[in-house]
Every structure is written in structure tokens, then in C-alpha cells.
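Chemist: Enclosed is the structure file entry_16.csv (CSV, C-alpha atoms).
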chain,number,residue,atom,x,y,z
A,268,LYS,CA,-1.8,3.4,13.3
A,269,VAL,CA,1.3,4.5,15.2
A,270,GLY,CA,4.6,5.9,13.8
A,271,ILE,CA,7.7,5.9,16.0
A,272,VAL,CA,10.4,8.2,14.6
A,273,SER,CA,14.0,8.7,15.6
A,274,LYS,CA,17.3,10.1,14.2
A,275,SER,CA,19.3,7.3,12.6
A,276,THR,CA,22.9,6.2,13.4
A,277,THR,CA,23.0,4.2,10.1
A,278,PRO,CA,25.5,5.7,7.7
A,279,GLY,CA,23.7,7.5,4.9
A,280,VAL,CA,20.3,7.4,6.6
A,281,ASP,CA,18.7,10.4,8.3
A,282,LEU,CA,15.7,9.0,10.1
A,283,GLU,CA,14.3,5.7,11.3
A,284,PHE,CA,10.7,4.8,11.3
A,285,LEU,CA,8.9,1.9,13.1
A,286,PHE,CA,5.2,1.4,12.1
A,287,ALA,CA,2.8,-0.3,14.5
A,288,GLN,CA,-0.7,-1.5,13.4
A,289,LEU,CA,-3.2,-1.4,16.3
A,290,GLN,CA,-6.6,-3.1,16.2
A,291,PRO,CA,-9.4,-1.0,17.8
A,292,ASP,CA,-11.1,-4.1,19.2
A,293,LYS,CA,-8.0,-6.0,20.4
A,294,ASP,CA,-5.0,-5.5,22.5
A,295,THR,CA,-2.5,-6.5,19.8
A,296,VAL,CA,0.3,-4.5,18.2
A,297,ASP,CA,1.7,-5.7,14.8
A,298,THR,CA,5.0,-4.4,13.6
A,299,THR,CA,5.4,-6.8,10.7
A,300,PRO,CA,4.1,-4.8,7.8
A,301,ASN,CA,4.9,-1.3,6.3
A,302,CYS,CA,2.5,1.6,6.0
A,303,GLY,CA,3.2,4.0,3.1
A,304,ASN,CA,0.6,6.4,4.2
A,305,MET,CA,2.2,6.8,7.7
A,306,LEU,CA,5.6,6.9,6.0
A,307,ALA,CA,4.5,10.0,4.2
A,308,ALA,CA,4.2,11.8,7.5
A,309,VAL,CA,7.7,10.9,8.8
A,310,VAL,CA,9.7,13.8,7.3
A,311,PRO,CA,7.1,16.5,8.1
A,312,PHE,CA,6.9,15.3,11.6
A,313,ALA,CA,10.7,15.2,11.9
A,314,LEU,CA,11.0,18.8,10.6
A,315,GLU,CA,8.3,20.0,13.0
A,316,ALA,CA,10.0,18.2,15.9
A,317,SER,CA,13.4,19.7,15.0
A,318,MET,CA,15.0,16.2,14.4
A,319,VAL,CA,16.2,17.5,11.0
A,320,GLN,CA,16.5,20.9,9.5
A,321,ALA,CA,15.0,22.2,6.2
A,322,GLN,CA,17.5,22.3,3.3
A,323,GLY,CA,15.9,25.0,1.1
A,324,GLU,CA,12.8,25.2,-1.1
A,325,THR,CA,12.5,21.4,-0.9
A,326,SER,CA,14.1,19.0,1.6
A,327,THR,CA,15.0,15.4,1.0
A,328,PHE,CA,15.8,12.9,3.7
A,329,ARG,CA,16.6,9.2,3.6
A,330,VAL,CA,14.3,7.1,5.9
A,331,LEU,CA,14.8,3.5,7.0
A,332,THR,CA,11.6,1.6,7.8
A,333,LEU,CA,12.7,-0.7,10.6
A,334,ASN,CA,9.8,-3.1,10.1
A,335,THR,CA,11.1,-4.4,6.8
A,336,ASP,CA,14.6,-2.8,6.5
A,337,MET,CA,13.4,-0.7,3.6
A,338,GLN,CA,15.0,2.6,2.7
A,339,CYS,CA,13.5,5.5,0.7
A,340,ASP,CA,14.2,9.1,0.0
A,341,ILE,CA,11.3,11.4,0.9
A,342,THR,CA,11.1,15.0,-0.4
A,343,VAL,CA,8.8,17.7,1.0
A,344,HIS,CA,8.3,21.4,0.2
A,345,THR,CA,10.0,23.6,2.7
A,346,PRO,CA,9.9,27.3,1.5
A,347,GLY,CA,11.3,29.6,4.0
A,348,GLY,CA,12.6,26.7,6.1
A,349,GLN,CA,9.1,25.6,7.1
A,350,VAL,CA,7.0,22.6,6.0
A,351,GLU,CA,4.4,23.6,3.4
A,352,TYR,CA,1.1,21.7,3.6
A,353,ALA,CA,-1.1,23.7,1.1
A,354,GLY,CA,-0.7,22.8,-2.5
A,355,ASP,CA,-2.3,21.4,-5.7
A,356,ALA,CA,-1.4,17.7,-5.4
A,357,ARG,CA,-4.4,15.4,-5.2
A,358,ILE,CA,-5.1,11.6,-4.9
A,359,ASP,CA,-8.3,9.9,-6.1
A,360,GLY,CA,-10.5,9.2,-3.1
A,361,VAL,CA,-8.8,11.7,-0.8
A,362,PRO,CA,-10.7,15.0,-0.3
A,363,GLY,CA,-9.0,18.3,-1.3
A,364,SER,CA,-5.4,18.9,-2.2
A,365,SER,CA,-2.1,19.6,-0.5
A,366,ALA,CA,1.6,20.0,-1.1
A,367,PRO,CA,3.1,16.9,-2.7
A,368,ILE,CA,5.3,14.4,-0.8
A,369,THR,CA,7.5,12.4,-3.1
A,370,ILE,CA,8.8,9.1,-2.0
A,371,ASN,CA,11.5,7.3,-4.0
A,372,PHE,CA,11.5,3.7,-2.8
A,373,LEU,CA,15.0,2.0,-3.0
A,374,ASP,CA,14.4,-1.6,-2.1
A,375,THR,CA,10.8,-2.7,-1.6
A,376,ALA,CA,10.6,-6.2,-3.1
A,377,GLY,CA,9.7,-8.9,-0.6
A,378,SER,CA,8.9,-6.5,2.2
A,379,VAL,CA,7.0,-9.2,4.2
A,380,CYS,CA,6.9,-12.2,1.9
A,381,SER,CA,9.9,-14.2,0.7
A,382,GLY,CA,10.2,-12.1,-2.5
A,383,LEU,CA,8.5,-10.1,-5.2
A,384,LEU,CA,6.4,-13.1,-6.3
A,385,PRO,CA,6.1,-15.2,-3.2
A,386,THR,CA,4.3,-18.1,-5.0
A,387,GLY,CA,7.1,-18.2,-7.7
A,388,GLN,CA,4.5,-17.4,-10.4
A,389,VAL,CA,3.3,-14.1,-11.9
A,390,LYS,CA,-0.2,-15.5,-12.0
A,391,ASP,CA,-1.9,-18.3,-10.1
A,392,VAL,CA,-5.3,-19.8,-9.9
A,393,ILE,CA,-6.3,-19.9,-6.2
A,394,ASP,CA,-9.7,-20.9,-4.9
A,395,GLY,CA,-10.9,-20.8,-8.5
A,396,ILE,CA,-9.8,-17.3,-9.3
A,397,GLU,CA,-6.8,-16.0,-11.3
A,398,VAL,CA,-4.7,-13.8,-9.1
A,399,THR,CA,-1.3,-12.2,-9.0
A,400,CYS,CA,0.3,-12.5,-5.5
A,401,ILE,CA,2.9,-9.8,-5.3
A,402,ASP,CA,4.9,-7.9,-2.6
A,403,ASN,CA,6.7,-4.8,-3.7
A,404,GLY,CA,6.4,-2.9,-0.5
A,405,MET,CA,3.0,-4.4,0.5
A,406,PRO,CA,1.7,-8.0,0.2
A,407,LEU,CA,-1.2,-7.8,-2.3
A,408,VAL,CA,-3.5,-10.2,-4.0
A,409,ILE,CA,-4.7,-8.6,-7.3
A,410,PHE,CA,-7.7,-10.0,-9.1
A,411,ARG,CA,-10.1,-8.9,-11.8
A,412,ALA,CA,-13.5,-7.4,-10.9
A,413,ALA,CA,-15.1,-9.4,-13.7
A,414,ASP,CA,-13.9,-12.7,-12.2
A,415,VAL,CA,-16.0,-12.0,-9.1
A,416,GLY,CA,-19.0,-10.8,-11.1
A,417,ARG,CA,-18.5,-7.1,-10.6
A,418,THR,CA,-17.6,-4.1,-12.8
A,419,GLY,CA,-15.1,-2.4,-10.5
A,420,TYR,CA,-17.1,0.8,-10.7
A,421,GLU,CA,-19.5,0.0,-7.9
A,422,SER,CA,-19.3,2.7,-5.2
A,423,VAL,CA,-17.4,2.1,-2.0
A,424,THR,CA,-20.7,2.2,-0.1
A,425,GLU,CA,-22.1,-0.5,-2.5
A,426,MET,CA,-19.1,-2.7,-2.1
A,427,ASN,CA,-19.1,-2.4,1.7
A,428,ALA,CA,-22.8,-3.4,1.7
A,429,ASP,CA,-22.1,-6.4,-0.6
A,430,THR,CA,-21.8,-9.2,1.9
A,431,GLU,CA,-21.5,-11.9,-0.8
A,432,LEU,CA,-18.6,-10.1,-2.4
A,433,LYS,CA,-16.7,-9.5,0.9
A,434,ASP,CA,-17.2,-13.1,2.0
A,435,ARG,CA,-15.8,-14.3,-1.4
A,436,ILE,CA,-12.8,-12.0,-1.1
A,437,GLU,CA,-12.1,-13.1,2.4
A,438,ARG,CA,-12.1,-16.8,1.4
A,439,LEU,CA,-9.7,-15.9,-1.4
A,440,ARG,CA,-7.5,-13.9,1.0
A,441,ILE,CA,-7.2,-16.8,3.5
A,442,ALA,CA,-6.2,-19.2,0.7
A,443,CYS,CA,-3.7,-16.7,-0.8
A,444,GLY,CA,-2.2,-16.1,2.6
A,445,HIS,CA,-1.1,-19.7,2.8
A,446,ALA,CA,0.1,-19.7,-0.9
A,447,MET,CA,2.2,-16.7,-0.2
A,448,GLY,CA,3.9,-18.3,2.8
A,449,LEU,CA,2.2,-16.0,5.3
A,450,GLY,CA,0.3,-18.8,7.1
A,451,ASP,CA,-3.0,-18.1,8.7
A,452,VAL,CA,-3.8,-14.5,7.9
A,453,SER,CA,-7.4,-14.5,9.3
A,454,ALA,CA,-6.3,-12.1,12.2
A,455,ARG,CA,-4.0,-9.9,10.0
A,456,ASN,CA,-4.5,-6.9,7.8
A,457,TYR,CA,-2.5,-8.4,5.0
A,458,PRO,CA,-2.3,-9.5,2.3
A,459,LYS,CA,-4.5,-6.6,1.1
A,460,MET,CA,-6.9,-7.4,-1.6
A,461,THR,CA,-7.0,-5.3,-4.8
A,462,LEU,CA,-9.8,-5.6,-7.3
A,463,VAL,CA,-8.9,-4.2,-10.7
A,464,ALA,CA,-10.8,-3.1,-13.8
A,465,PRO,CA,-10.1,-1.2,-17.0
A,466,ALA,CA,-9.8,2.6,-16.5
A,467,ARG,CA,-12.7,4.5,-18.1
A,468,ASP,CA,-12.0,8.1,-17.2
A,469,GLY,CA,-8.3,8.3,-18.1
A,470,GLY,CA,-5.4,6.8,-16.1
A,471,SER,CA,-4.0,3.3,-16.4
A,472,LEU,CA,-6.2,1.1,-14.2
A,473,THR,CA,-9.1,1.2,-11.8
A,474,THR,CA,-8.5,-0.3,-8.4
A,475,ARG,CA,-10.5,-1.0,-5.2
A,476,SER,CA,-8.6,-1.8,-2.0
A,477,PHE,CA,-10.0,-4.1,0.7
A,478,ILE,CA,-8.1,-3.8,3.9
A,479,PRO,CA,-8.7,-6.5,4.9
A,480,HIS,CA,-12.6,-6.6,4.8
A,481,VAL,CA,-13.4,-3.0,4.3
A,482,CYS,CA,-13.4,-1.3,0.8
A,483,HIS,CA,-11.4,1.9,1.2
A,484,ASP,CA,-12.0,5.2,-0.6
A,485,ALA,CA,-8.3,5.4,-1.8
A,486,ILE,CA,-5.4,3.1,-2.5
A,487,GLY,CA,-2.4,3.1,-0.1
A,488,VAL,CA,1.0,4.3,-1.1
A,489,LEU,CA,2.8,1.0,-1.1
A,490,ALA,CA,-0.2,-0.8,-2.5
A,491,ALA,CA,-0.1,1.6,-5.4
A,492,VAL,CA,3.6,0.9,-5.9
A,493,THR,CA,2.9,-2.8,-5.9
A,494,VAL,CA,-0.1,-2.6,-8.3
A,495,ALA,CA,2.0,-0.5,-10.7
A,496,THR,CA,4.7,-3.2,-10.6
A,497,ALA,CA,2.2,-5.9,-11.5
A,498,CYS,CA,1.1,-3.8,-14.5
A,499,VAL,CA,4.6,-4.0,-16.0
A,500,LEU,CA,5.1,-7.8,-15.3
A,501,GLU,CA,4.2,-9.8,-18.4
A,502,GLY,CA,1.4,-12.3,-17.7
A,503,SER,CA,0.0,-10.8,-14.6
A,504,VAL,CA,-3.8,-10.5,-14.1
A,505,THR,CA,-3.6,-6.8,-15.2
A,506,ALA,CA,-2.6,-7.9,-18.7
A,507,GLY,CA,-5.1,-6.6,-21.2
A,508,ILE,CA,-6.6,-4.4,-18.6
A,509,ALA,CA,-3.9,-1.9,-17.6
A,510,GLN,CA,-3.0,0.9,-20.1
A,511,VAL,CA,0.8,0.8,-19.8
A,512,PRO,CA,2.8,3.6,-21.5
A,513,ASP,CA,5.7,2.5,-23.8
Output the structure of this file as C-alpha cells.
Modeler:
Amino acid sequence: KVGIVSKSTTPGVDLEFLFAQLQPDKDTVDTTPNCGNMLAAVVPFALEASMVQAQGETSTFRVLTLNTDMQCDITVHTPGGQVEYAGDARIDGVPGSSAPITINFLDTAGSVCSGLLPTGQVKDVIDGIEVTCIDNGMPLVIFRAADVGRTGYESVTEMNADTELKDRIERLRIACGHAMGLGDVSARNYPKMTLVAPARDGGSLTTRSFIPHVCHDAIGVLAAVTVATACVLEGSVTAGIAQVPD
């Protein structure tokens, strides 16, 4: 993954970010999608590179992602005018803890697809499985673990060894790519596939992310935003599964 950062000339915007997805086994560069995880590194990098200056105990800068024309405000801890990396913030699936990076997304709907719900429906049956196809920063296909005969609590290692499951998910991904207006996605990393199940140890929902064929240890930033959006859309596949606060 590559992040190209520059100071912005757009009024009200501090920094511009272009994300490039590389494939280790190919000579292709894809600048179509976003990457929320790389986005989280933009402001610390810009501060370290003296593109911008710290503002106090915390520093907030507006960043424009050029891939999808998406703006967001990113806040990092900068005590003494320096980026602070140590802290207590943690994310499931990510080892250790660090200082939090807060991202307030301003306009994420339809980042790659034609809109928030690219099929026009909050729920579809595609290739025999109920899915929610949604793009609120990242094109996702959300489906229930139970509908593919799994609990959602299989380990990452178990899921990556489950050839039958991965083949089933890939067939679904290809079909959903066409339904979402993305065409043939066989050579692309999106839409990303998100398997969901009820939370059993607190939280609102259990997720497993397949990007595109590998089950990952953690969920991506924009994928998390998009899953959370599905949880508050009436009639999505998360209905009856997600514990949504009033």
C-alpha cells in the first residue's frame, strides 16, 4: 500500500492524500478505492515531514482523499508539539495499544459505487444468500455467518484454511460486484466481504473481513464505518443480530 501526501491548495483543506493499492504478484497500481488504515497515517506523516505544524495538545487537520474526493478531519495527540504514538487506545485484532487517531468522515457515501446502496435495496438475495451491498467509504458485501454454515467465531487461521468457505465467498463476491455496478471484480480487492454474527463478549456485532480472499485479523477503518452504517439501516442483514444503542 502506498500513500502519496501533499499540502492542499483547496480552500479549507490542509492536506491531500492519494492512495495506491499494489499487488505483490502483479505490476498493477489501483488508485480507485480508499484505504482508511493508510489514511490514519497521513497526519502523523505530515507532522513528521514538517508539512504542517502541531497546534497544541491535540492537532486536527482536514484531509482530502483524492481517490474518491472524500474529506475528513483527523485528530492526533501532539503534546509538546510532537506526535505522540504511545497510548491506551486499542483495536480488536491489532496487537498492543497506542495513542488514538480520530477520523471524522464528512462525505463517504458512494465512495466507489454509485451511492450508499448501489443495488437500490438495503437487502438483496444474490447467489442464494441474503446480503447488504453498501458503500459508505468502502464497497462492502455484508452477509450472515449462519447463511454460509459458520458461527462467525472460527479463528482467522481456521477460516483461511476453509477452502470451501473461501470459494463460496468468492463466487458471491463476483456476483455482487456485477450487482453493485462494479463490473468484473475478479482482479480487484473490492468489494470487501464482511461476515457478521451476534456479539457474545460485549460490543454490537462480530465481524470477519475477507480482503478479498484472505480472512484478516482486524476490520479496516472504512469497512468499520460502512458496517456501522448498515447496523442502523432498517432491514439490512444485520437486523436482529447487531445490538444497536437507542
Chemist: Residues of segment 380-477 of chain A that approach segment 495-512 of chain A to 7 Å or less, counting all atoms listed in the file: could you list each one with the shortest pair of atoms and its distance in Å to one decimal, rows by chain and increasing residue number, as a tab-separated table?
Modeler:
residue	atom	partner	partner_atom	distance
A:Val389	CA	A:Ser503	CA	5.4
A:Lys390	CA	A:Ser503	CA	5.4
A:Glu397	CA	A:Val504	CA	6.9
A:Val398	CA	A:Val504	CA	6.1
A:Thr399	CA	A:Ser503	CA	5.9
A:Phe410	CA	A:Val504	CA	6.4
A:Arg411	CA	A:Val504	CA	6.9
A:Ala464	CA	A:Ile508	CA	6.5
A:Pro465	CA	A:Ile508	CA	5.0
A:Ser471	CA	A:Gln510	CA	4.5
A:Leu472	CA	A:Ala509	CA	5.1
Chemist: Figure out the distance between atom CA of Asp297 of chain A and atom CA of Cys400 of chain A, please, to one decimal in Å.
Modeler: 21.5 Å
Chemist: For atom CA of Arg475 of chain A and atom CA of Ile441 of chain A, quote the distance in Å rounded to one decimal.
Modeler: 18.3 Å
Chemist: To one decimal place in Å, what is the distance between atom CA of Asn403 of chain A and atom CA of Leu383 of chain A?
Modeler: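 Straight-line distance from atom CA of Asn403 of chain A to atom CA of Leu383 of chain A works out to 5.8 Å.
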Chemist: Restricting the calculation to only C-alpha atoms, which member of A:Lys268, A:Lys274, A:His483, A:His445 is positioned closest to Ser422 of chain A?
Modeler: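 Ranked by minimum distance to Ser422 of chain A, first place goes to A:His483.
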Chemist: Can you tell me, as a PyMOL selection string, what residues are no more than 6 Å from segment 367-370 of chain A when counting only C-alpha atoms, ignoring any on the same chain fewer than 6 positions away?
Modeler: chain A and resi 340-343+356
